[in-house]
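Okay, structure-v1.pdb is below, PDB, C-alpha atoms and all ligand atoms:
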ATOM      1  CA  MET A 679     114.619  70.099 114.270
ATOM      2  CA  ASN A 680     118.150  70.653 115.535
ATOM      3  CA  HIS A 681     118.694  74.202 114.263
ATOM      4  CA  ALA A 682     118.654  77.183 116.637
ATOM      5  CA  SER A 683     115.315  78.934 116.027
ATOM      6  CA  ILE A 684     115.607  82.338 114.374
ATOM      7  CA  ILE A 685     112.003  82.766 113.233
ATOM      8  CA  SER A 686     109.075  81.824 115.440
ATOM      9  CA  ILE A 687     105.469  82.315 114.350
ATOM     10  CA  GLN A 688     102.709  81.594 116.822
ATOM     11  CA  HIS A 689      98.962  81.651 116.291
ATOM     12  CA  MET A 690      99.506  84.287 113.661
ATOM     13  CA  THR A 691      96.565  85.591 111.663
ATOM     14  CA  LYS A 692      96.620  88.291 108.998
ATOM     15  CA  ARG A 693      93.486  90.054 107.831
ATOM     16  CA  PHE A 694      93.243  92.716 105.184
ATOM     17  CA  PRO A 695      90.408  95.231 105.011
ATOM     18  CA  VAL A 696      88.387  94.629 101.859
ATOM     19  CA  GLY A 697      85.471  96.943 101.165
ATOM     20  CA  LYS A 698      83.477  97.061 104.387
ATOM     21  CA  GLY A 699      84.713  93.688 105.564
ATOM     22  CA  GLU A 700      87.928  91.812 106.015
ATOM     23  CA  PHE A 701      89.750  89.058 104.203
ATOM     24  CA  THR A 702      91.712  86.490 106.194
ATOM     25  CA  ALA A 703      94.903  85.876 104.227
ATOM     26  CA  LEU A 704      96.692  83.884 106.967
ATOM     27  CA  ASN A 705      94.802  81.896 109.558
ATOM     28  CA  ASP A 706      96.411  80.722 112.811
ATOM     29  CA  ILE A 707      99.895  79.990 111.459
ATOM     30  CA  ASN A 708     102.407  78.229 113.722
ATOM     31  CA  LEU A 709     105.921  77.770 112.301
ATOM     32  CA  GLU A 710     109.520  77.739 113.474
ATOM     33  CA  PHE A 711     112.553  78.226 111.246
ATOM     34  CA  GLY A 712     116.088  77.474 112.342
ATOM     35  CA  GLU A 713     119.472  78.818 111.358
ATOM     36  CA  GLY A 714     120.617  77.417 108.037
ATOM     37  CA  GLU A 715     117.278  76.045 106.859
ATOM     38  CA  PHE A 716     116.492  75.790 103.152
ATOM     39  CA  ALA A 717     112.714  75.849 103.118
ATOM     40  CA  GLY A 718     109.903  76.690 100.738
ATOM     41  CA  LEU A 719     106.303  77.789 100.899
ATOM     42  CA  VAL A 720     104.160  76.168  98.242
ATOM     43  CA  GLY A 721     100.460  76.351  97.523
ATOM     44  CA  PRO A 722      97.918  77.734  95.095
ATOM     45  CA  SER A 723      97.809  81.353  94.029
ATOM     46  CA  GLY A 724      96.237  83.382  96.825
ATOM     47  CA  SER A 725      97.091  80.878  99.567
ATOM     48  CA  GLY A 726      99.128  83.453 101.525
ATOM     49  CA  LYS A 727     102.767  82.795 100.572
ATOM     50  CA  THR A 728     103.760  86.381  99.780
ATOM     51  CA  THR A 729     101.810  87.671 102.783
ATOM     52  CA  LEU A 730     103.771  85.344 105.057
ATOM     53  CA  LEU A 731     107.140  86.306 103.517
ATOM     54  CA  ASN A 732     106.277  89.988 103.913
ATOM     55  CA  ILE A 733     105.544  89.529 107.621
ATOM     56  CA  ILE A 734     108.724  87.510 108.218
ATOM     57  CA  GLY A 735     110.597  90.287 106.420
ATOM     58  CA  SER A 736     108.959  92.924 108.653
ATOM     59  CA  LEU A 737     107.361  94.641 105.661
ATOM     60  CA  ASP A 738     103.944  93.939 107.184
ATOM     61  CA  THR A 739     102.598  93.055 110.633
ATOM     62  CA  PRO A 740     100.326  90.304 111.982
ATOM     63  CA  SER A 741      96.711  91.107 112.887
ATOM     64  CA  GLU A 742      96.820  88.578 115.715
ATOM     65  CA  GLY A 743      99.421  86.292 117.254
ATOM     66  CA  THR A 744     103.157  86.818 117.040
ATOM     67  CA  ALA A 745     105.988  86.653 114.544
ATOM     68  CA  THR A 746     109.419  86.818 116.186
ATOM     69  CA  VAL A 747     112.415  87.263 113.891
ATOM     70  CA  MET A 748     115.975  87.238 115.273
ATOM     71  CA  GLY A 749     114.437  87.669 118.730
ATOM     72  CA  GLN A 750     112.375  90.712 117.752
ATOM     73  CA  ASP A 751     108.589  90.817 117.834
ATOM     74  CA  ILE A 752     107.543  92.150 114.409
ATOM     75  CA  SER A 753     104.272  93.620 115.766
ATOM     76  CA  THR A 754     106.005  95.946 118.203
ATOM     77  CA  LEU A 755     108.940  97.161 116.096
ATOM     78  CA  SER A 756     109.132 100.851 115.291
ATOM     79  CA  HIS A 757     109.569 101.862 111.666
ATOM     80  CA  LYS A 758     113.234 102.502 112.376
ATOM     81  CA  ALA A 759     113.788  99.215 114.215
ATOM     82  CA  SER A 760     112.212  97.186 111.414
ATOM     83  CA  ALA A 761     114.333  99.035 108.831
ATOM     84  CA  LEU A 762     117.428  98.180 110.882
ATOM     85  CA  LEU A 763     116.403  94.517 111.142
ATOM     86  CA  ARG A 764     116.012  94.356 107.351
ATOM     87  CA  ASN A 765     119.209  96.240 106.691
ATOM     88  CA  GLN A 766     121.307  94.052 108.945
ATOM     89  CA  HIS A 767     119.813  90.616 108.735
ATOM     90  CA  ILE A 768     117.328  90.116 105.911
ATOM     91  CA  GLY A 769     117.818  89.866 102.160
ATOM     92  CA  PHE A 770     114.849  89.946  99.776
ATOM     93  CA  ILE A 771     114.402  88.749  96.264
ATOM     94  CA  PHE A 772     111.092  89.951  94.918
ATOM     95  CA  GLN A 773     109.356  88.576  91.875
ATOM     96  CA  SER A 774     109.546  92.001  90.279
ATOM     97  CA  TYR A 775     113.138  92.547  91.187
ATOM     98  CA  ASN A 776     113.297  96.340  90.846
ATOM     99  CA  LEU A 777     116.803  97.011  89.638
ATOM    100  CA  LEU A 778     117.706 100.669  89.399
ATOM    101  CA  PRO A 779     117.894 101.374  85.656
ATOM    102  CA  VAL A 780     120.447 104.191  85.646
ATOM    103  CA  TYR A 781     123.021 102.230  87.645
ATOM    104  CA  THR A 782     125.309  99.452  86.489
ATOM    105  CA  VAL A 783     125.085  95.867  87.706
ATOM    106  CA  PHE A 784     128.000  96.557  90.082
ATOM    107  CA  GLU A 785     126.283  99.653  91.485
ATOM    108  CA  ASN A 786     122.926  97.905  91.861
ATOM    109  CA  VAL A 787     124.562  95.249  94.035
ATOM    110  CA  GLU A 788     126.678  97.793  95.919
ATOM    111  CA  PHE A 789     123.528  99.779  96.694
ATOM    112  CA  ALA A 790     122.520  97.233  99.347
ATOM    113  CA  LEU A 791     125.735  98.027 101.235
ATOM    114  CA  LEU A 792     125.546 101.814 101.175
ATOM    115  CA  LEU A 793     123.441 101.983 104.333
ATOM    116  CA  GLN A 794     126.093 100.002 106.150
ATOM    117  CA  ASN A 795     129.313 101.407 107.506
ATOM    118  CA  ARG A 796     131.814  99.856 105.133
ATOM    119  CA  SER A 797     134.749 101.310 103.268
ATOM    120  CA  ALA A 798     134.710 101.502  99.472
ATOM    121  CA  SER A 799     137.310  98.736  99.237
ATOM    122  CA  GLU A 800     135.318  96.444 101.552
ATOM    123  CA  ARG A 801     132.221  97.107  99.481
ATOM    124  CA  LYS A 802     134.062  96.372  96.258
ATOM    125  CA  LYS A 803     135.290  93.028  97.528
ATOM    126  CA  ALA A 804     131.803  92.071  98.777
ATOM    127  CA  VAL A 805     130.197  93.054  95.441
ATOM    128  CA  LEU A 806     132.773  91.144  93.401
ATOM    129  CA  ASP A 807     132.217  88.053  95.574
ATOM    130  CA  ALA A 808     128.444  88.318  95.123
ATOM    131  CA  LEU A 809     128.709  88.764  91.340
ATOM    132  CA  GLU A 810     130.959  85.736  91.175
ATOM    133  CA  TRP A 811     128.394  83.675  93.135
ATOM    134  CA  VAL A 812     125.800  84.350  90.447
ATOM    135  CA  GLY A 813     128.182  84.184  87.491
ATOM    136  CA  LEU A 814     127.845  87.805  86.389
ATOM    137  CA  THR A 815     131.317  89.208  86.884
ATOM    138  CA  ASP A 816     131.568  89.898  83.161
ATOM    139  CA  LYS A 817     128.360  92.003  83.214
ATOM    140  CA  MET A 818     129.285  94.275  86.085
ATOM    141  CA  THR A 819     129.425  97.425  83.978
ATOM    142  CA  SER A 820     126.150  96.674  82.140
ATOM    143  CA  LYS A 821     122.939  98.533  82.884
ATOM    144  CA  PRO A 822     119.801  96.491  83.717
ATOM    145  CA  ALA A 823     118.178  97.227  80.330
ATOM    146  CA  MET A 824     121.061  95.363  78.677
ATOM    147  CA  LEU A 825     120.406  92.165  80.661
ATOM    148  CA  SER A 826     118.168  89.197  79.960
ATOM    149  CA  GLY A 827     115.363  88.444  82.440
ATOM    150  CA  GLY A 828     117.390  85.667  84.030
ATOM    151  CA  GLU A 829     120.470  87.858  84.337
ATOM    152  CA  GLY A 830     118.361  90.540  86.009
ATOM    153  CA  GLN A 831     117.096  87.940  88.453
ATOM    154  CA  ARG A 832     120.672  86.926  89.217
ATOM    155  CA  VAL A 833     121.620  90.555  89.928
ATOM    156  CA  ALA A 834     118.690  90.660  92.354
ATOM    157  CA  ILE A 835     120.051  87.538  94.039
ATOM    158  CA  ALA A 836     123.542  89.058  94.278
ATOM    159  CA  ARG A 837     122.042  92.245  95.726
ATOM    160  CA  ALA A 838     120.129  90.238  98.337
ATOM    161  CA  MET A 839     123.137  88.095  99.277
ATOM    162  CA  VAL A 840     125.889  90.732  99.243
ATOM    163  CA  LYS A 841     125.226  91.648 102.874
ATOM    164  CA  ARG A 842     125.502  87.970 103.828
ATOM    165  CA  PRO A 843     122.168  88.239 105.641
ATOM    166  CA  LYS A 844     121.038  85.713 108.267
ATOM    167  CA  ILE A 845     117.725  85.306 106.458
ATOM    168  CA  LEU A 846     117.040  85.360 102.733
ATOM    169  CA  LEU A 847     113.433  85.597 101.558
ATOM    170  CA  ALA A 848     112.751  84.887  97.899
ATOM    171  CA  ASP A 849     109.327  85.262  96.329
ATOM    172  CA  GLU A 850     109.185  83.066  93.200
ATOM    173  CA  PRO A 851     112.933  83.396  92.551
ATOM    174  CA  SER A 852     112.899  81.287  89.403
ATOM    175  CA  ALA A 853     109.978  83.044  87.723
ATOM    176  CA  ASN A 854     112.158  84.546  84.991
ATOM    177  CA  LEU A 855     114.727  81.794  84.662
ATOM    178  CA  ASP A 856     115.061  78.983  82.151
ATOM    179  CA  ALA A 857     115.673  75.456  83.413
ATOM    180  CA  GLN A 858     119.451  75.629  83.155
ATOM    181  CA  ASN A 859     119.656  78.987  84.916
ATOM    182  CA  SER A 860     117.231  77.818  87.611
ATOM    183  CA  HIS A 861     119.400  74.835  88.458
ATOM    184  CA  GLN A 862     122.535  76.960  88.451
ATOM    185  CA  ILE A 863     120.976  79.569  90.753
ATOM    186  CA  LEU A 864     119.536  76.960  93.101
ATOM    187  CA  LYS A 865     122.925  75.267  93.374
ATOM    188  CA  THR A 866     124.519  78.641  94.100
ATOM    189  CA  MET A 867     121.939  79.389  96.778
ATOM    190  CA  LYS A 868     122.351  75.972  98.337
ATOM    191  CA  ALA A 869     126.135  76.457  98.469
ATOM    192  CA  LEU A 870     125.661  79.858 100.144
ATOM    193  CA  ASN A 871     123.178  78.274 102.542
ATOM    194  CA  ARG A 872     125.764  75.685 103.553
ATOM    195  CA  GLU A 873     128.748  78.028 103.623
ATOM    196  CA  LEU A 874     127.176  81.047 105.332
ATOM    197  CA  LYS A 875     124.384  79.242 107.265
ATOM    198  CA  THR A 876     121.879  81.679 105.766
ATOM    199  CA  THR A 877     118.269  80.625 106.316
ATOM    200  CA  PHE A 878     116.490  80.586 102.951
ATOM    201  CA  ILE A 879     112.716  80.742 102.660
ATOM    202  CA  PHE A 880     111.249  80.626  99.167
ATOM    203  CA  SER A 881     107.774  80.863  97.819
ATOM    204  CA  THR A 882     107.454  78.818  94.700
ATOM    205  CA  HIS A 883     105.262  76.907  92.288
ATOM    206  CA  ASP A 884     108.268  75.505  90.528
ATOM    207  CA  GLU A 885     109.083  71.785  90.737
ATOM    208  CA  LYS A 886     112.695  72.595  89.876
ATOM    209  CA  VAL A 887     112.949  74.726  93.023
ATOM    210  CA  MET A 888     111.098  72.197  95.181
ATOM    211  CA  GLN A 889     113.586  69.435  94.486
ATOM    212  CA  TYR A 890     116.326  71.479  96.157
ATOM    213  CA  LEU A 891     114.367  72.295  99.303
ATOM    214  CA  ASP A 892     115.074  70.551 102.604
ATOM    215  CA  ARG A 893     111.612  71.420 103.879
ATOM    216  CA  ILE A 894     108.333  72.066 102.078
ATOM    217  CA  ILE A 895     105.501  73.908 103.813
ATOM    218  CA  SER A 896     102.175  73.797 101.981
ATOM    219  CA  LEU A 897      99.646  76.564 102.413
ATOM    220  CA  GLU A 898      95.991  76.459 101.438
ATOM    221  CA  ASP A 899      93.531  79.257 102.117
ATOM    222  CA  GLY A 900      95.920  80.841 104.596
ATOM    223  CA  LYS A 901      96.551  77.675 106.611
ATOM    224  CA  VAL A 902      99.526  75.351 106.847
ATOM    225  CA  VAL A 903      98.232  72.015 105.554
ATOM    226  CA  SER A 904     101.534  70.146 105.575
ATOM    227  CA  ASP A 905     105.119  70.681 106.677
ATOM    228  CA  VAL A 906     107.561  68.041 105.479
ATOM    229  CA  GLU A 907     111.312  67.825 106.017
ATOM    230  CA  LYS A 908     113.375  65.820 103.608
ATOM    231  CA  ALA A 909     115.902  63.462 105.166
ATOM    232  CA  ALA A 910     118.610  64.214 102.627
ATOM    233  CA  ALA A 911     118.649  67.192 100.309
ATOM    234  CA  ALA A 912     119.123  66.814  96.573
ATOM    235  CA  LEU A 913     122.402  68.219  95.368
TER
HETATM  236  N1  LIG B1001      96.856  94.358 100.651
HETATM  237  C1  LIG B1001      95.896  93.434 100.476
HETATM  238  N2  LIG B1001      94.594  93.764 100.604
HETATM  239  C2  LIG B1001      93.610  92.839 100.461
HETATM  240  N3  LIG B1001      93.830  91.541 100.182
HETATM  241  C3  LIG B1001      95.102  91.150 100.038
HETATM  242  C4  LIG B1001      96.205  92.056 100.166
HETATM  243  N4  LIG B1001      97.350  91.380  99.970
HETATM  244  C5  LIG B1001      96.979  90.106  99.722
HETATM  245  N5  LIG B1001      95.638  89.964  99.758
HETATM  246  C6  LIG B1001      94.884  88.728  99.544
HETATM  247  O1  LIG B1001      95.406  87.729 100.415
HETATM  248  C7  LIG B1001      95.457  86.474  99.746
HETATM  249  C8  LIG B1001      96.876  85.931  99.810
HETATM  250  O2  LIG B1001      97.692  86.716  98.943
HETATM  251  P1  LIG B1001      99.219  86.368  98.683
HETATM  252  O3  LIG B1001      99.750  87.424  97.833
HETATM  253  O4  LIG B1001      99.878  86.136 100.000
HETATM  254  O5  LIG B1001      99.072  84.981  97.899
HETATM  255  P2  LIG B1001     100.213  84.067  97.252
HETATM  256  O6  LIG B1001     100.087  82.714  97.894
HETATM  257  O7  LIG B1001     101.511  84.759  97.331
HETATM  258  O8  LIG B1001      99.726  83.949  95.742
HETATM  259  P3  LIG B1001     100.576  83.876  94.358
HETATM  260  O9  LIG B1001     101.033  82.458  94.227
HETATM  261  O10 LIG B1001      99.556  84.242  93.338
HETATM  262  O11 LIG B1001     101.697  84.867  94.445
HETATM  263  C9  LIG B1001      94.953  86.720  98.331
HETATM  264  O12 LIG B1001      93.601  86.323  98.260
HETATM  265  C10 LIG B1001      95.088  88.208  98.150
HETATM  266  O13 LIG B1001      94.092  88.703  97.290
HETATM  267 MG    MG B1002     102.767  85.578  95.900
END
So, in terms of structure tokens, how does the structure I just supplied come out?
Ligand SMILES: Nc1ncnc2c1ncn2[C@@H]1O[C@H](COP(=O)(O)OP(=O)(O)OP(=O)(O)O)[C@@H](O)[C@H]1O
Ligand SMILES: [Mg+2]
Amino acid sequence: MNHASIISIQHMTKRFPVGKGEFTALNDINLEFGEGEFAGLVGPSGSGKTTLLNIIGSLDTPSEGTATVMGQDISTLSHKASALLRNQHIGFIFQSYNLLPVYTVFENVEFALLLQNRSASERKKAVLDALEWVGLTDKMTSKPAMLSGGEGQRVAIARAMVKRPKILLADEPSANLDAQNSHQILKTMKALNRELKTTFIFSTHDEKVMQYLDRIISLEDGKVVSDVEKAAAAL
């Protein structure tokens, strides 16, 4: 791979306490991700996709081994340092995308920028750019309850991308989208990936998503069972 590595996972195992025992959700994972990758985690329900995204996003820590993200060892980060890493460099799109109901679309997207030191006019420009990326400029004064599921998902994408993060993690991003919207969103993400060199890592069951990926990593029972790079990406 000829990308500079920004995520390095070595001999990483994750166990969760269950009753009096433990459950091994990830088992000796070794993976590298480079700048500007467009990769996906696939595999059956329960294979460890969300667990792996959560660790890369510093929302959880390995039980053994290391996960290094933007040069920082996730296991040793303080609460504050991991919050800073997320705030500066990582965008998330969760399956349940948690928009704030009392705020407008514009405000929901702007929210991601409020912890950063930017002027109101800089924020406005960034939010308008992000809403244009996802085709929701005309809904910017709507509240989330007035949106369709797919529109809500697109707001979540705008909110995750508005900071222009180095890494974007998306857990089942097309779960609430119809085929046409899925293709539109994937094309938008791919364009952002090329333009901004953002590293995208998806978890997905969706064939429509898979066809856009440059690299597909298959998980089964917490192990990587295949890791395939496509020579040329679909457009
Ligand atoms: N906090 C937790 N405590 C105990 N077990 C957990 C916890 N989180 C996840 N697991 C278990 O770890 C395994 C992997 O879960 P994970 O959510 O990563 O799967 P997934 O591949 O994302 O599945 P899906 O496709 O259904 O979203 C599952 O068996 C799950 O029950
Ligand atoms: Mg999951």
List every protein, DNA or RNA residue with an atom no more than 12 Å from (110.8, 86.2, 89.2) in the file's coordinates, counting all atoms listed in the file, and format the result as a short mmCIF file (atom, residue, chain, number, x, y, z; two decimals) with C-alpha atoms, keeping the file's coordinate frame.
data_model
loop_
_atom_site.label_atom_id
_atom_site.label_comp_id
_atom_site.auth_asym_id
_atom_site.auth_seq_id
_atom_site.Cartn_x
_atom_site.Cartn_y
_atom_site.Cartn_z
CA PHE A 770 114.85 89.95 99.78
CA ILE A 771 114.40 88.75 96.26
CA PHE A 772 111.09 89.95 94.92
CA GLN A 773 109.36 88.58 91.88
CA SER A 774 109.55 92.00 90.28
CA TYR A 775 113.14 92.55 91.19
CA ASN A 776 113.30 96.34 90.85
CA GLY A 827 115.36 88.44 82.44
CA GLY A 828 117.39 85.67 84.03
CA GLU A 829 120.47 87.86 84.34
CA GLY A 830 118.36 90.54 86.01
CA GLN A 831 117.10 87.94 88.45
CA ARG A 832 120.67 86.93 89.22
CA VAL A 833 121.62 90.56 89.93
CA ALA A 834 118.69 90.66 92.35
CA ILE A 835 120.05 87.54 94.04
CA ALA A 848 112.75 84.89 97.90
CA ASP A 849 109.33 85.26 96.33
CA GLU A 850 109.18 83.07 93.20
CA PRO A 851 112.93 83.40 92.55
CA SER A 852 112.90 81.29 89.40
CA ALA A 853 109.98 83.04 87.72
CA ASN A 854 112.16 84.55 84.99
CA LEU A 855 114.73 81.79 84.66
CA ASP A 856 115.06 78.98 82.15
CA SER A 860 117.23 77.82 87.61
CA PHE A 880 111.25 80.63 99.17
CA SER A 881 107.77 80.86 97.82
CA THR A 882 107.45 78.82 94.70
CA HIS A 883 105.26 76.91 92.29
CA ASP A 884 108.27 75.50 90.53
#
For the structure provided, state which residues fall under the PyMOL selection byres (((not hetatm)) within 6 of (chain B and resi 1001)), and present them as a PyMOL selection string.
-> chain A and resi 694+696+703+722-729
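Evaluating the PyMOL selection byres (((chain A and resi 870-878) around 6) and not hetatm) against the shown model yields Glu713, Gly714, Glu715, Phe716, Lys844, Ile845, Leu846, Met867, Lys868, Ala869 and Ile879 of chain A.
A straight line drawn from CA of Gln794 in chain A to CA of Leu825 in chain A is 27.3 Å long.
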Matched chain/residue IDs from the PyMOL selection byres (((chain A and resi 786) around 12) and not hetatm), as a VMD selection string = chain A and resid 775 to 785 787 to 792 805 808 to 809 817 to 822 830 832 to 838 840
Can you list, as a PyMOL selection string, every protein, DNA or RNA residue that comes within 10 Å of Gln750 in chain A when you count only C-alpha atoms, leaving out same-chain residues fewer than 3 positions away?
-> chain A and resi 684-686+736+745-747+753-755+759-760+763
